[in-house]
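Below is the file upload10.cif, which contains mmCIF, C-alpha atoms.
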```cif
data_run
#
loop_
_atom_site.label_atom_id
_atom_site.label_comp_id
_atom_site.auth_asym_id
_atom_site.auth_seq_id
_atom_site.Cartn_x
_atom_site.Cartn_y
_atom_site.Cartn_z
CA MET A 6 -67.45 -23.48 -9.81
CA SER A 7 -66.27 -20.64 -12.04
CA LEU A 8 -62.98 -21.11 -13.88
CA THR A 9 -62.44 -17.39 -14.27
CA THR A 10 -59.19 -16.61 -12.50
CA PRO A 11 -60.04 -15.03 -9.12
CA GLU A 12 -59.01 -11.40 -8.89
CA LYS A 13 -56.52 -11.94 -6.04
CA VAL A 14 -54.90 -14.86 -7.87
CA ARG A 15 -54.71 -12.83 -11.08
CA LYS A 16 -53.06 -9.92 -9.24
CA LEU A 17 -50.48 -12.24 -7.66
CA GLN A 18 -49.66 -13.72 -11.06
CA MET A 19 -49.33 -10.29 -12.65
CA THR A 20 -47.04 -9.14 -9.82
CA LEU A 21 -44.81 -12.21 -10.13
CA ASN A 22 -44.65 -11.92 -13.92
CA ALA A 23 -43.86 -8.19 -13.79
CA LYS A 24 -41.06 -8.74 -11.29
CA ALA A 25 -39.61 -11.59 -13.36
CA LYS A 26 -39.63 -9.43 -16.51
CA GLU A 27 -38.22 -6.40 -14.74
CA SER A 28 -35.38 -8.34 -13.05
CA PRO A 29 -34.13 -11.28 -15.20
CA GLY A 30 -31.64 -12.28 -12.49
CA TYR A 31 -34.00 -12.07 -9.53
CA ARG A 32 -34.56 -15.23 -7.44
CA PHE A 33 -37.92 -15.57 -5.73
CA HIS A 34 -37.65 -16.59 -2.10
CA ALA A 35 -41.23 -16.66 -0.69
CA LEU A 36 -43.36 -18.89 -2.90
CA TYR A 37 -44.21 -22.03 -0.94
CA ASP A 38 -46.71 -20.25 1.32
CA LYS A 39 -48.64 -19.07 -1.77
CA ILE A 40 -49.62 -22.57 -2.93
CA TYR A 41 -51.72 -23.34 0.15
CA ARG A 42 -53.55 -20.03 0.04
CA GLU A 43 -57.28 -20.70 0.17
CA ASP A 44 -58.09 -18.92 -3.11
CA ILE A 45 -55.27 -20.60 -5.02
CA LEU A 46 -56.08 -24.11 -3.79
CA ARG A 47 -59.79 -23.63 -4.49
CA PHE A 48 -59.06 -22.41 -8.03
CA ALA A 49 -56.57 -25.26 -8.58
CA TYR A 50 -59.24 -27.76 -7.52
CA GLY A 51 -61.70 -26.19 -9.98
CA ILE A 52 -59.21 -26.54 -12.83
CA CYS A 53 -58.52 -30.19 -11.99
CA LYS A 54 -62.21 -31.02 -11.70
CA ALA A 55 -62.98 -29.34 -15.04
CA ASN A 56 -60.20 -31.39 -16.67
CA GLY A 57 -61.72 -34.57 -15.23
CA GLY A 58 -59.61 -37.67 -15.54
CA ALA A 59 -59.41 -40.99 -13.79
CA ALA A 60 -58.61 -41.59 -10.14
CA GLY A 61 -55.02 -42.17 -9.04
CA VAL A 62 -53.59 -45.07 -7.03
CA ASP A 63 -55.77 -44.22 -3.99
CA GLY A 64 -58.95 -44.62 -6.05
CA VAL A 65 -60.38 -41.31 -4.80
CA THR A 66 -62.73 -39.59 -7.29
CA PHE A 67 -64.08 -36.06 -7.48
CA GLY A 68 -67.51 -37.43 -6.60
CA GLU A 69 -66.17 -38.87 -3.36
CA ILE A 70 -64.45 -35.59 -2.51
CA GLU A 71 -67.67 -33.66 -3.10
CA ALA A 72 -69.58 -36.12 -0.91
CA TYR A 73 -66.91 -35.79 1.81
CA GLY A 74 -67.02 -32.00 1.55
CA ARG A 75 -64.87 -30.07 -0.90
CA GLU A 76 -64.01 -27.24 1.52
CA ARG A 77 -63.17 -29.70 4.28
CA TRP A 78 -60.94 -31.67 1.88
CA LEU A 79 -59.17 -28.50 0.70
CA ASP A 80 -58.65 -27.32 4.29
CA GLU A 81 -56.98 -30.64 5.12
CA LEU A 82 -54.72 -30.41 2.07
CA ALA A 83 -53.78 -26.83 2.97
CA GLU A 84 -52.94 -27.94 6.51
CA MET A 85 -50.70 -30.75 5.21
CA LEU A 86 -48.85 -28.29 2.97
CA ARG A 87 -48.60 -25.64 5.68
CA ASN A 88 -47.13 -28.10 8.21
CA GLN A 89 -44.89 -29.69 5.54
CA GLU A 90 -46.59 -33.03 6.19
CA TYR A 91 -47.63 -33.41 2.55
CA ARG A 92 -46.18 -36.42 0.75
CA ALA A 93 -46.67 -37.26 -2.92
CA ASP A 94 -48.49 -40.49 -3.72
CA ALA A 95 -47.35 -42.95 -6.36
CA ILE A 96 -48.32 -42.18 -9.94
CA ARG A 97 -50.61 -44.62 -11.71
CA ARG A 98 -49.12 -45.36 -15.10
CA ILE A 99 -51.22 -46.35 -18.08
CA PHE A 100 -50.26 -46.72 -21.72
CA ILE A 101 -52.06 -45.20 -24.68
CA PRO A 102 -51.50 -46.37 -28.27
CA LYS A 103 -49.40 -44.23 -30.63
CA PRO A 104 -49.90 -43.97 -34.41
CA ASP A 105 -46.76 -46.05 -35.02
CA GLY A 106 -48.18 -48.99 -33.05
CA LYS A 107 -46.07 -48.33 -29.96
CA GLN A 108 -47.45 -47.13 -26.62
CA ARG A 109 -46.99 -43.81 -24.88
CA PRO A 110 -46.73 -43.92 -21.07
CA LEU A 111 -49.11 -41.56 -19.27
CA GLY A 112 -48.89 -40.77 -15.56
CA ILE A 113 -52.04 -40.23 -13.50
CA PRO A 114 -51.34 -38.64 -10.09
CA THR A 115 -53.93 -38.76 -7.35
CA ILE A 116 -56.37 -35.84 -7.19
CA LYS A 117 -54.58 -34.61 -4.07
CA ASP A 118 -51.31 -34.41 -5.99
CA ARG A 119 -52.99 -32.95 -9.09
CA VAL A 120 -54.46 -30.10 -7.03
CA ALA A 121 -51.18 -29.40 -5.24
CA GLN A 122 -49.24 -29.43 -8.54
CA THR A 123 -51.79 -27.16 -10.22
CA ALA A 124 -51.54 -24.73 -7.30
CA ALA A 125 -47.76 -24.71 -7.68
CA ALA A 126 -48.07 -24.17 -11.43
CA LEU A 127 -50.39 -21.18 -10.85
CA VAL A 128 -47.61 -19.58 -8.81
CA LEU A 129 -44.58 -20.62 -10.88
CA GLU A 130 -45.81 -20.25 -14.47
CA PRO A 131 -45.99 -16.41 -14.39
CA ILE A 132 -42.35 -16.33 -13.27
CA PHE A 133 -40.98 -18.66 -15.93
CA GLU A 134 -43.29 -17.29 -18.63
CA ALA A 135 -41.03 -14.23 -18.56
CA ASP A 136 -38.05 -16.44 -19.43
CA LEU A 137 -39.47 -18.84 -22.02
CA GLN A 138 -38.36 -18.19 -25.59
CA PRO A 139 -40.63 -16.93 -28.40
CA GLU A 140 -39.92 -20.16 -30.30
CA GLN A 141 -41.84 -22.14 -27.62
CA TYR A 142 -45.58 -22.46 -28.28
CA ALA A 143 -46.91 -25.20 -25.96
CA TYR A 144 -48.75 -24.68 -22.67
CA ARG A 145 -48.48 -20.89 -22.78
CA PRO A 146 -51.15 -18.19 -22.62
CA GLY A 147 -52.02 -16.72 -26.00
CA ARG A 148 -50.08 -19.38 -27.92
CA SER A 149 -51.18 -22.57 -29.61
CA ALA A 150 -50.19 -25.40 -31.92
CA HIS A 151 -51.79 -23.41 -34.76
CA ASP A 152 -49.32 -20.59 -34.12
CA ALA A 153 -46.41 -23.05 -34.31
CA ILE A 154 -47.71 -24.49 -37.59
CA ARG A 155 -48.21 -21.01 -39.07
CA THR A 156 -44.65 -20.07 -38.09
CA VAL A 157 -43.18 -23.13 -39.81
CA HIS A 158 -45.32 -22.45 -42.88
CA SER A 159 -44.10 -18.83 -42.96
CA LEU A 160 -40.45 -19.83 -42.61
CA VAL A 161 -40.70 -22.38 -45.42
CA ASN A 162 -42.40 -19.81 -47.65
CA THR A 163 -39.57 -17.34 -47.01
CA GLY A 164 -36.84 -19.67 -48.21
CA HIS A 165 -36.12 -21.85 -45.16
CA THR A 166 -36.97 -24.95 -47.14
CA GLU A 167 -34.49 -27.40 -45.59
CA VAL A 168 -36.21 -28.56 -42.42
CA ILE A 169 -34.76 -30.76 -39.69
CA ASP A 170 -37.65 -32.92 -38.56
CA ALA A 171 -36.44 -33.88 -35.08
CA ASP A 172 -37.72 -36.48 -32.65
CA LEU A 173 -36.57 -37.02 -29.07
CA SER A 174 -36.86 -40.48 -27.52
CA SER A 175 -39.13 -40.35 -24.43
CA TYR A 176 -38.39 -36.68 -23.71
CA PHE A 177 -40.59 -36.37 -20.62
CA ASP A 178 -39.15 -39.56 -19.11
CA THR A 179 -35.51 -38.61 -19.70
CA ILE A 180 -35.24 -34.99 -18.54
CA PRO A 181 -32.27 -35.09 -16.10
CA HIS A 182 -33.29 -33.96 -12.62
CA ALA A 183 -30.00 -32.32 -11.62
CA GLU A 184 -29.90 -30.08 -14.68
CA LEU A 185 -33.61 -29.29 -14.43
CA MET A 186 -33.24 -28.32 -10.76
CA LYS A 187 -30.48 -25.91 -11.77
CA SER A 188 -32.89 -24.26 -14.21
CA LEU A 189 -35.49 -23.99 -11.44
CA ALA A 190 -33.01 -22.71 -8.86
CA ARG A 191 -31.92 -19.96 -11.22
CA ARG A 192 -35.23 -18.28 -10.43
CA ILE A 193 -36.28 -19.90 -7.14
CA SER A 194 -34.37 -19.69 -3.85
CA ASP A 195 -37.31 -20.99 -1.79
CA GLY A 196 -35.99 -24.32 -0.55
CA LYS A 197 -39.44 -25.63 0.42
CA MET A 198 -40.73 -25.10 -3.11
CA LEU A 199 -37.70 -26.77 -4.68
CA LYS A 200 -38.04 -29.72 -2.29
CA LEU A 201 -41.71 -30.09 -3.26
CA ILE A 202 -40.91 -30.19 -6.99
CA LYS A 203 -38.13 -32.72 -6.42
CA MET A 204 -40.60 -34.89 -4.48
CA TRP A 205 -42.98 -34.94 -7.45
CA MET A 206 -40.19 -35.84 -9.86
CA LYS A 207 -39.10 -38.77 -7.70
CA ALA A 208 -42.60 -40.10 -6.95
CA PRO A 209 -42.96 -43.89 -7.42
CA VAL A 210 -44.78 -45.28 -10.45
CA GLU A 211 -47.41 -48.00 -10.14
CA GLU A 212 -48.15 -50.23 -13.14
CA THR A 213 -50.32 -53.25 -13.82
CA ASP A 214 -48.40 -56.16 -15.35
CA ASP A 215 -49.67 -58.69 -17.89
CA ARG A 216 -51.10 -60.83 -15.08
CA GLY A 217 -53.05 -57.94 -13.56
CA ARG A 218 -50.70 -57.54 -10.60
CA GLN A 219 -49.73 -54.11 -9.27
CA GLN A 220 -46.04 -53.33 -9.42
CA ARG A 221 -44.42 -50.25 -7.95
CA ARG A 222 -41.14 -48.88 -9.28
CA THR A 223 -39.05 -45.77 -8.57
CA PRO A 224 -37.50 -44.79 -11.95
CA GLY A 225 -37.29 -41.10 -11.07
CA LYS A 226 -35.39 -41.79 -7.87
CA ASP A 227 -33.24 -44.59 -9.32
CA LYS A 228 -32.26 -42.90 -12.58
CA GLY A 229 -32.51 -39.23 -11.59
CA ARG A 230 -34.55 -38.56 -14.71
CA GLY A 231 -38.08 -37.86 -15.87
CA THR A 232 -41.20 -35.90 -15.17
CA PRO A 233 -44.37 -37.98 -15.66
CA GLN A 234 -46.29 -37.00 -18.76
CA GLY A 235 -49.84 -36.26 -17.64
CA ALA A 236 -48.96 -34.57 -14.33
CA PRO A 237 -50.05 -30.89 -14.10
CA ILE A 238 -46.52 -29.69 -13.29
CA SER A 239 -44.93 -31.52 -16.25
CA PRO A 240 -45.75 -28.96 -18.99
CA LEU A 241 -43.93 -26.22 -17.08
CA LEU A 242 -40.93 -28.43 -16.33
CA SER A 243 -40.67 -29.71 -19.91
CA ASN A 244 -40.84 -26.17 -21.32
CA LEU A 245 -38.22 -25.00 -18.86
CA TYR A 246 -35.72 -27.66 -19.87
CA MET A 247 -36.38 -27.24 -23.59
CA ARG A 248 -35.62 -23.55 -23.08
CA ARG A 249 -32.01 -24.53 -22.41
CA PHE A 250 -31.67 -25.95 -25.91
CA ILE A 251 -33.38 -23.04 -27.66
CA LEU A 252 -31.52 -20.35 -25.72
CA GLY A 253 -28.22 -22.15 -26.21
CA TRP A 254 -28.88 -22.49 -29.95
CA LYS A 255 -29.16 -18.73 -30.25
CA LYS A 256 -26.38 -17.79 -27.82
CA LEU A 257 -23.93 -20.09 -29.60
CA GLY A 258 -24.75 -18.24 -32.81
CA HIS A 259 -26.23 -21.21 -34.71
CA GLN A 260 -29.45 -19.38 -35.57
CA GLU A 261 -27.75 -16.42 -37.24
CA ARG A 262 -24.74 -18.25 -38.69
CA LEU A 263 -26.74 -21.10 -40.21
CA LYS A 264 -30.01 -19.20 -40.78
CA ALA A 265 -31.62 -22.04 -38.83
CA TYR A 266 -34.76 -21.26 -36.79
CA ILE A 267 -36.31 -23.55 -34.18
CA VAL A 268 -40.07 -23.95 -33.75
CA ASN A 269 -40.96 -25.95 -30.63
CA TYR A 270 -44.19 -27.38 -29.26
CA ALA A 271 -43.74 -29.53 -26.11
CA ASP A 272 -41.41 -32.39 -27.12
CA ASP A 273 -41.88 -31.71 -30.85
CA TYR A 274 -39.59 -29.34 -32.71
CA VAL A 275 -38.30 -28.59 -36.16
CA ILE A 276 -35.40 -26.43 -37.34
CA CYS A 277 -36.10 -24.51 -40.54
CA CYS A 278 -32.88 -23.77 -42.43
CA ARG A 279 -31.95 -21.64 -45.42
CA GLY A 280 -29.33 -24.13 -46.59
CA LYS A 281 -26.69 -25.70 -44.29
CA ALA A 282 -29.23 -28.10 -42.77
CA GLN A 283 -26.62 -30.85 -42.48
CA GLU A 284 -24.34 -28.59 -40.44
CA ALA A 285 -27.29 -27.56 -38.28
CA MET A 286 -28.08 -31.24 -37.72
CA THR A 287 -24.52 -31.87 -36.49
CA GLU A 288 -24.71 -28.96 -34.06
CA MET A 289 -28.12 -30.07 -32.82
CA ARG A 290 -26.91 -33.59 -32.10
CA ALA A 291 -23.94 -32.26 -30.14
CA MET A 292 -26.15 -29.98 -28.04
CA MET A 293 -28.66 -32.72 -27.26
CA GLU A 294 -25.85 -34.97 -26.11
CA LYS A 295 -24.68 -32.29 -23.68
CA LEU A 296 -28.26 -31.86 -22.48
CA LYS A 297 -28.38 -35.65 -21.86
CA LEU A 298 -31.34 -36.11 -24.20
CA THR A 299 -31.57 -38.85 -26.81
CA ILE A 300 -32.42 -38.23 -30.45
CA ASN A 301 -34.54 -40.88 -32.15
CA GLN A 302 -32.24 -41.63 -35.08
CA THR A 303 -34.86 -43.42 -37.19
CA LYS A 304 -37.41 -40.61 -36.97
CA THR A 305 -35.04 -37.65 -37.27
CA GLY A 306 -34.07 -36.43 -40.72
CA ILE A 307 -33.92 -33.52 -43.16
CA ARG A 308 -36.94 -32.77 -45.33
CA VAL A 309 -36.36 -30.57 -48.40
CA LEU A 310 -39.57 -28.78 -49.33
CA PRO A 311 -41.48 -28.67 -51.60
CA ALA A 312 -39.98 -31.77 -53.19
CA GLU A 313 -40.68 -33.57 -49.91
CA ARG A 314 -43.37 -33.10 -47.29
CA LEU A 315 -43.10 -32.33 -43.59
CA ASN A 316 -45.49 -33.68 -40.95
CA PHE A 317 -45.70 -31.46 -37.89
CA LEU A 318 -48.34 -31.45 -35.12
CA GLY A 319 -50.81 -33.40 -37.22
CA TYR A 320 -50.45 -31.26 -40.34
CA THR A 321 -48.59 -31.91 -43.57
CA ILE A 322 -46.67 -28.94 -44.96
CA GLY A 323 -45.78 -29.28 -48.62
CA ARG A 324 -46.82 -28.74 -52.21
CA CYS A 325 -50.53 -28.07 -52.79
CA TYR A 326 -52.42 -27.09 -55.93
CA SER A 327 -55.08 -24.42 -56.30
CA PRO A 328 -58.40 -26.04 -57.31
CA LYS A 329 -59.22 -22.95 -59.41
CA THR A 330 -55.97 -22.25 -61.26
CA GLY A 331 -53.94 -25.42 -60.75
CA ARG A 332 -51.07 -23.27 -59.48
CA ALA A 333 -48.65 -25.01 -57.13
CA TYR A 334 -47.91 -23.49 -53.73
CA ILE A 335 -46.63 -24.58 -50.30
CA GLY A 336 -49.58 -25.10 -47.99
CA THR A 337 -50.75 -26.96 -44.90
CA THR A 338 -53.27 -29.80 -44.87
CA PRO A 339 -54.36 -32.36 -42.23
CA CYS A 340 -51.94 -35.27 -42.52
CA LYS A 341 -53.25 -38.61 -43.76
CA GLU A 342 -52.67 -40.29 -40.41
CA ALA A 343 -54.81 -37.63 -38.67
CA VAL A 344 -57.68 -38.44 -41.05
CA ARG A 345 -57.20 -42.18 -40.53
CA ARG A 346 -57.11 -41.74 -36.77
CA MET A 347 -60.36 -39.79 -36.83
CA CYS A 348 -61.99 -42.48 -38.95
CA ARG A 349 -60.87 -45.10 -36.43
CA GLU A 350 -62.48 -43.08 -33.63
CA ILE A 351 -65.72 -42.88 -35.62
CA SER A 352 -65.61 -46.64 -36.12
CA GLU A 353 -65.07 -47.19 -32.41
CA ALA A 354 -68.01 -44.90 -31.56
CA THR A 355 -70.35 -46.88 -33.85
CA ARG A 356 -69.54 -50.45 -32.87
CA ARG A 357 -72.34 -52.99 -32.52
CA ARG A 358 -71.98 -53.11 -28.76
CA TRP A 359 -73.57 -49.65 -28.65
CA LEU A 360 -76.77 -50.85 -30.35
CA LEU A 361 -78.90 -50.25 -27.25
CA LYS A 362 -77.99 -46.58 -27.31
CA ASP A 363 -80.46 -43.99 -28.62
CA PRO A 364 -79.55 -42.88 -32.20
CA LYS A 365 -79.58 -39.18 -31.28
CA GLU A 366 -77.33 -39.89 -28.32
CA ARG A 367 -74.86 -41.68 -30.62
CA VAL A 368 -75.00 -38.81 -33.12
CA ALA A 369 -74.42 -36.25 -30.37
CA HIS A 370 -71.36 -38.26 -29.30
CA LEU A 371 -70.13 -38.38 -32.89
CA ASN A 372 -70.70 -34.65 -33.35
CA ARG A 373 -68.53 -33.79 -30.37
CA LYS A 374 -65.70 -35.82 -31.90
CA LEU A 375 -66.21 -34.36 -35.39
CA GLU A 376 -66.40 -30.75 -34.21
CA GLY A 377 -63.41 -31.07 -31.89
CA TRP A 378 -61.35 -32.59 -34.70
CA ALA A 379 -62.39 -29.91 -37.18
CA ASN A 380 -61.69 -27.11 -34.68
CA TYR A 381 -58.07 -28.23 -34.68
CA PHE A 382 -57.79 -29.16 -38.35
CA CYS A 383 -58.97 -25.88 -39.84
CA LEU A 384 -55.77 -24.48 -41.39
CA GLY A 385 -55.22 -24.49 -45.14
CA PRO A 386 -57.20 -26.50 -47.70
CA VAL A 387 -59.16 -28.96 -45.57
CA SER A 388 -62.07 -29.76 -47.89
CA LYS A 389 -60.72 -33.10 -49.05
CA ALA A 390 -60.01 -34.26 -45.50
CA TYR A 391 -63.46 -33.10 -44.36
CA ARG A 392 -65.15 -34.96 -47.23
CA ASN A 393 -63.30 -38.17 -46.36
CA VAL A 394 -64.27 -37.93 -42.69
CA ASP A 395 -67.87 -37.06 -43.61
CA ALA A 396 -68.09 -40.07 -45.92
CA HIS A 397 -66.80 -42.42 -43.24
CA ALA A 398 -69.17 -40.96 -40.64
CA ARG A 399 -72.14 -41.50 -42.96
CA PHE A 400 -71.04 -45.05 -43.80
CA ARG A 401 -70.50 -46.06 -40.17
CA LEU A 402 -73.69 -44.43 -38.92
CA ARG A 403 -75.70 -46.19 -41.61
CA GLN A 404 -74.07 -49.51 -40.67
CA TRP A 405 -74.91 -48.91 -37.02
CA LEU A 406 -78.54 -48.01 -37.84
CA ARG A 407 -78.84 -50.99 -40.19
CA HIS A 408 -77.71 -53.41 -37.48
CA LYS A 409 -79.82 -51.70 -34.84
CA HIS A 410 -83.01 -51.99 -36.92
CA LYS A 411 -81.99 -55.32 -38.54
CA ARG A 412 -82.21 -53.98 -42.08
CA PRO A 413 -80.43 -55.71 -45.00
CA GLY A 414 -78.32 -54.01 -47.68
CA ARG A 415 -76.09 -50.95 -47.41
CA GLY A 416 -78.69 -48.77 -45.71
CA ILE A 417 -78.53 -45.89 -48.21
CA SER A 418 -82.23 -46.01 -49.17
CA GLN A 419 -83.46 -46.78 -45.66
CA PHE A 420 -81.24 -44.12 -44.03
CA PRO A 421 -80.69 -41.33 -46.60
CA ASP A 422 -78.56 -38.25 -46.05
CA GLU A 423 -81.61 -36.19 -45.12
CA LEU A 424 -82.34 -38.53 -42.21
CA LEU A 425 -78.73 -38.49 -41.02
CA TYR A 426 -78.22 -34.74 -41.25
CA LYS A 427 -81.64 -33.17 -40.73
CA THR A 428 -83.50 -35.66 -38.54
CA LEU A 429 -80.63 -37.04 -36.45
CA GLY A 430 -78.52 -33.86 -36.67
CA LEU A 431 -75.20 -35.35 -37.79
CA THR A 432 -72.58 -32.63 -38.27
CA ARG A 433 -71.44 -32.20 -41.90
CA LEU A 434 -67.87 -30.94 -41.81
CA ALA A 435 -67.86 -29.97 -45.49
CA GLU A 436 -70.36 -27.20 -44.75
CA ARG A 437 -67.96 -25.54 -42.31
CA THR A 438 -65.63 -24.46 -45.13
CA ARG A 439 -68.28 -22.04 -46.42
CA ASN A 440 -67.51 -19.79 -43.47
CA PHE A 441 -63.73 -19.87 -43.86
CA PRO A 442 -62.15 -16.54 -44.90
CA TRP A 443 -60.70 -17.94 -48.12
CA ALA A 444 -64.15 -19.21 -49.14
CA LYS A 445 -65.57 -15.71 -48.93
CA ALA A 446 -62.68 -14.03 -50.71
#
```

Encoded form using structure tokens:
Amino acid sequence: MSLTTPEKVRKLQMTLNAKAKESPGYRFHALYDKIYREDILRFAYGICKANGGAAGVDGVTFGEIEAYGRERWLDELAEMLRNQEYRADAIRRIFIPKPDGKQRPLGIPTIKDRVAQTAAALVLEPIFEADLQPEQYAYRPGRSAHDAIRTVHSLVNTGHTEVIDADLSSYFDTIPHAELMKSLARRISDGKMLKLIKMWMKAPVEETDDRGRQQRRTPGKDKGRGTPQGAPISPLLSNLYMRRFILGWKKLGHQERLKAYIVNYADDYVICCRGKAQEAMTEMRAMMEKLKLTINQTKTGIRVLPAERLNFLGYTIGRCYSPKTGRAYIGTTPCKEAVRRMCREISEATRRRWLLKDPKERVAHLNRKLEGWANYFCLGPVSKAYRNVDAHARFRLRQWLRHKHKRPGRGISQFPDELLYKTLGLTRLAERTRNFPWAKA
């Protein structure tokens, strides 16, 4: 199934976006009937299938849907939506480890709910894209984390060297429903669409306790807060609520008065200040309190560059030194934790329990990890980070080969670099820097 946006879907999105840009106060009243259009549902299903992911609480997989009949399944979903018989299932909650040792909750809706939410996002995103602020970089066409990092780097290099490194506690789980619905209703007067979104926000959550028992809770309904991180509609909703803070910051005059500029990516943001960072911090705290969001006090602070360093979206921004001249400058490098995390993934991919695997299959698996990591960590001087990751990949692959073939020693003579790189095809990240623009300058 092609993931190229169908022409009719693209035209609808362009029309909605153009109307939203042309009329900032316009409220859209006929949207619900768009989400069960055949072309939109089919495209939404294709997006969800391409993203993969585990089954939800009903256990239904894409393979089972294909065996049942994709078109038949989509027709039944469209009929449920058309007759307003659709009901959201519970969200399966899992926890993934965070770098600080804590766990991040992740919500996995059923495929039925993922497709319906993606269809709604296809209709709603063009409308709200017209309203999102230029300081917002996540989940938007033509924007990326790299753009956010470059913007922070540029601001620091132009004198905004006092940076508020902010952290919100459980942002996705604490977005207040009432205030978020007001932001939605500012653009949407279609009651059926608003009811559908509210249903998703209040969907029950199913967790497995320490004894392996399933427990179902209703935090969204009970607390009136939260949009499950991992649900297709969550990126749009999180951006929409963060817009309130960014727009308010500018309308209240804090940006101009304090020379304090926000750069936001999902629930991460920094405020780059040209002096007066402490005053900006006070104003930020007051605004977040009014928005009913909680600042993580232990992780939020002011970093003064270049004397200090700032970690943002996996990169460290701070003082670097030219390898040729020794001159100091403010640059971006992969943060140490990002390198350590990648090394842990390499270690996991080369554990002894994988000894029955074919070496080239293991290397292909490693290469996908290495190349994906390097595609993200490609800004600034990355050679040192690449060398460290390369060295760990060689060490772990040799250990894996040594155990597989029951060879003693460190494995350097039995499995030399030529075997690893030329015969098995292991990716060498250090070679990628030869093609970087600064390497050819």

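Distances to Leu201 in chain A were evaluated for A:Asp118, A:Gly231, A:Ala55, A:Pro311 using all atoms listed in the file, and the minimum falls at A:Asp118.
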
Counting only C-alpha atoms, which of A:Lys200, A:Lys427, A:Arg407, A:Arg358 gets nearest to Tyr37 in chain A?
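Closest to Tyr37 in chain A of all the choices is A:Lys200.
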
I'd like the residues picked by the PyMOL selection byres ((chain A and resi 387) around 9) written out as a list in words, using the chain letters and numbers from the file.
Thr337, Thr338, Pro339, Phe382, Cys383, Leu384, Gly385, Pro386, Ser388, Lys389, Ala390, Tyr391, Arg392, Ala435 and Thr438 of chain A

The selected residues should be written to file as a compact mmCIF listing (two decimals), in the coordinates of the input (atoms: C-alpha atoms).
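Okay, result.txt is ready:
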```
# COMPACT_ATOMS: atom_id res chain seq x y z
CA THR A 337 -50.75 -26.96 -44.90
CA THR A 338 -53.27 -29.80 -44.87
CA PRO A 339 -54.36 -32.36 -42.23
CA PHE A 382 -57.79 -29.16 -38.35
CA CYS A 383 -58.97 -25.88 -39.84
CA LEU A 384 -55.77 -24.48 -41.39
CA GLY A 385 -55.22 -24.49 -45.14
CA PRO A 386 -57.20 -26.50 -47.70
CA SER A 388 -62.07 -29.76 -47.89
CA LYS A 389 -60.72 -33.10 -49.05
CA ALA A 390 -60.01 -34.26 -45.50
CA TYR A 391 -63.46 -33.10 -44.36
CA ARG A 392 -65.15 -34.96 -47.23
CA ALA A 435 -67.86 -29.97 -45.49
CA THR A 438 -65.63 -24.46 -45.13
```

Translate the PyMOL selection byres ((chain A and resi 343) around 12) into a concrete residue list for this structure, as a VMD selection string.
chain A and resid 103 to 104 316 to 321 338 to 342 344 to 350 378 to 379 381 to 382 387 390 to 391 393 to 394

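With CA of Leu8 in chain A on one side and CA of Pro131 in chain A on the other, the separation reads 17.6 Å.
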
List the neighbours of range 181-193 of chain A out to 10 Å using only C-alpha atoms; skip same-chain residues closer than 6 positions along the sequence, and give me the result as a PyMOL selection string.
chain A and resi 25+29-36+129+132-133+136+199-200+202-203+206-207+225-226+228-232+242-243+245-249+296-298

Restricting the calculation to all atoms listed in the file, which member of A:Lys281, A:Lys411, A:Arg356, A:Arg433 is positioned closest to Ala398 in chain A?
A:Arg433

So how far away is CA of Gly336 in chain A from CA of Val275 in chain A, in Å?
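Computed distance, CA of Val275 in chain A to CA of Gly336 in chain A, equals 16.7 Å.
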
Would you translate the PyMOL selection byres ((chain A and resi 41) around 10) into the concrete set of residues it matches in this file, as a ChimeraX atom specification?
/A:36-40,42-47,79-80,82-87,121,124-125

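With CA of His165 in chain A on one side and CA of Arg279 in chain A on the other, the separation reads 4.2 Å.
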
Among listed residues A:Ala143, A:Met204, A:Ile417, A:Ile351, nearest Tyr91 in chain A (using all atoms listed in the file)
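Closest candidate: A:Met204.
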
Repaired coordinates for range 129-135 of chain A (N, CA and C atoms) as an mmCIF file, in the frame of the given file:
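Saved file rebuild.cif follows:
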```cif
data_model
loop_
_atom_site.group_PDB
_atom_site.id
_atom_site.type_symbol
_atom_site.label_atom_id
_atom_site.label_comp_id
_atom_site.auth_asym_id
_atom_site.auth_seq_id
_atom_site.Cartn_x
_atom_site.Cartn_y
_atom_site.Cartn_z
ATOM 1 N N LEU A 129 -45.880 -20.610 -10.184
ATOM 2 C CA LEU A 129 -44.580 -20.620 -10.880
ATOM 3 C C LEU A 129 -44.654 -20.194 -12.339
ATOM 4 N N GLU A 130 -45.743 -20.531 -13.028
ATOM 5 C CA GLU A 130 -45.810 -20.250 -14.470
ATOM 6 C C GLU A 130 -45.628 -18.765 -14.802
ATOM 7 N N PRO A 131 -46.216 -17.821 -14.046
ATOM 8 C CA PRO A 131 -45.990 -16.410 -14.390
ATOM 9 C C PRO A 131 -44.526 -15.999 -14.299
ATOM 10 N N ILE A 132 -43.776 -16.655 -13.410
ATOM 11 C CA ILE A 132 -42.350 -16.330 -13.270
ATOM 12 C C ILE A 132 -41.576 -16.820 -14.489
ATOM 13 N N PHE A 133 -41.765 -18.086 -14.832
ATOM 14 C CA PHE A 133 -40.980 -18.660 -15.930
ATOM 15 C C PHE A 133 -41.514 -18.261 -17.304
ATOM 16 N N GLU A 134 -42.761 -17.806 -17.351
ATOM 17 C CA GLU A 134 -43.290 -17.290 -18.630
ATOM 18 C C GLU A 134 -42.433 -16.125 -19.118
ATOM 19 N N ALA A 135 -41.881 -15.365 -18.189
ATOM 20 C CA ALA A 135 -41.030 -14.230 -18.560
ATOM 21 C C ALA A 135 -39.727 -14.682 -19.199
#
```
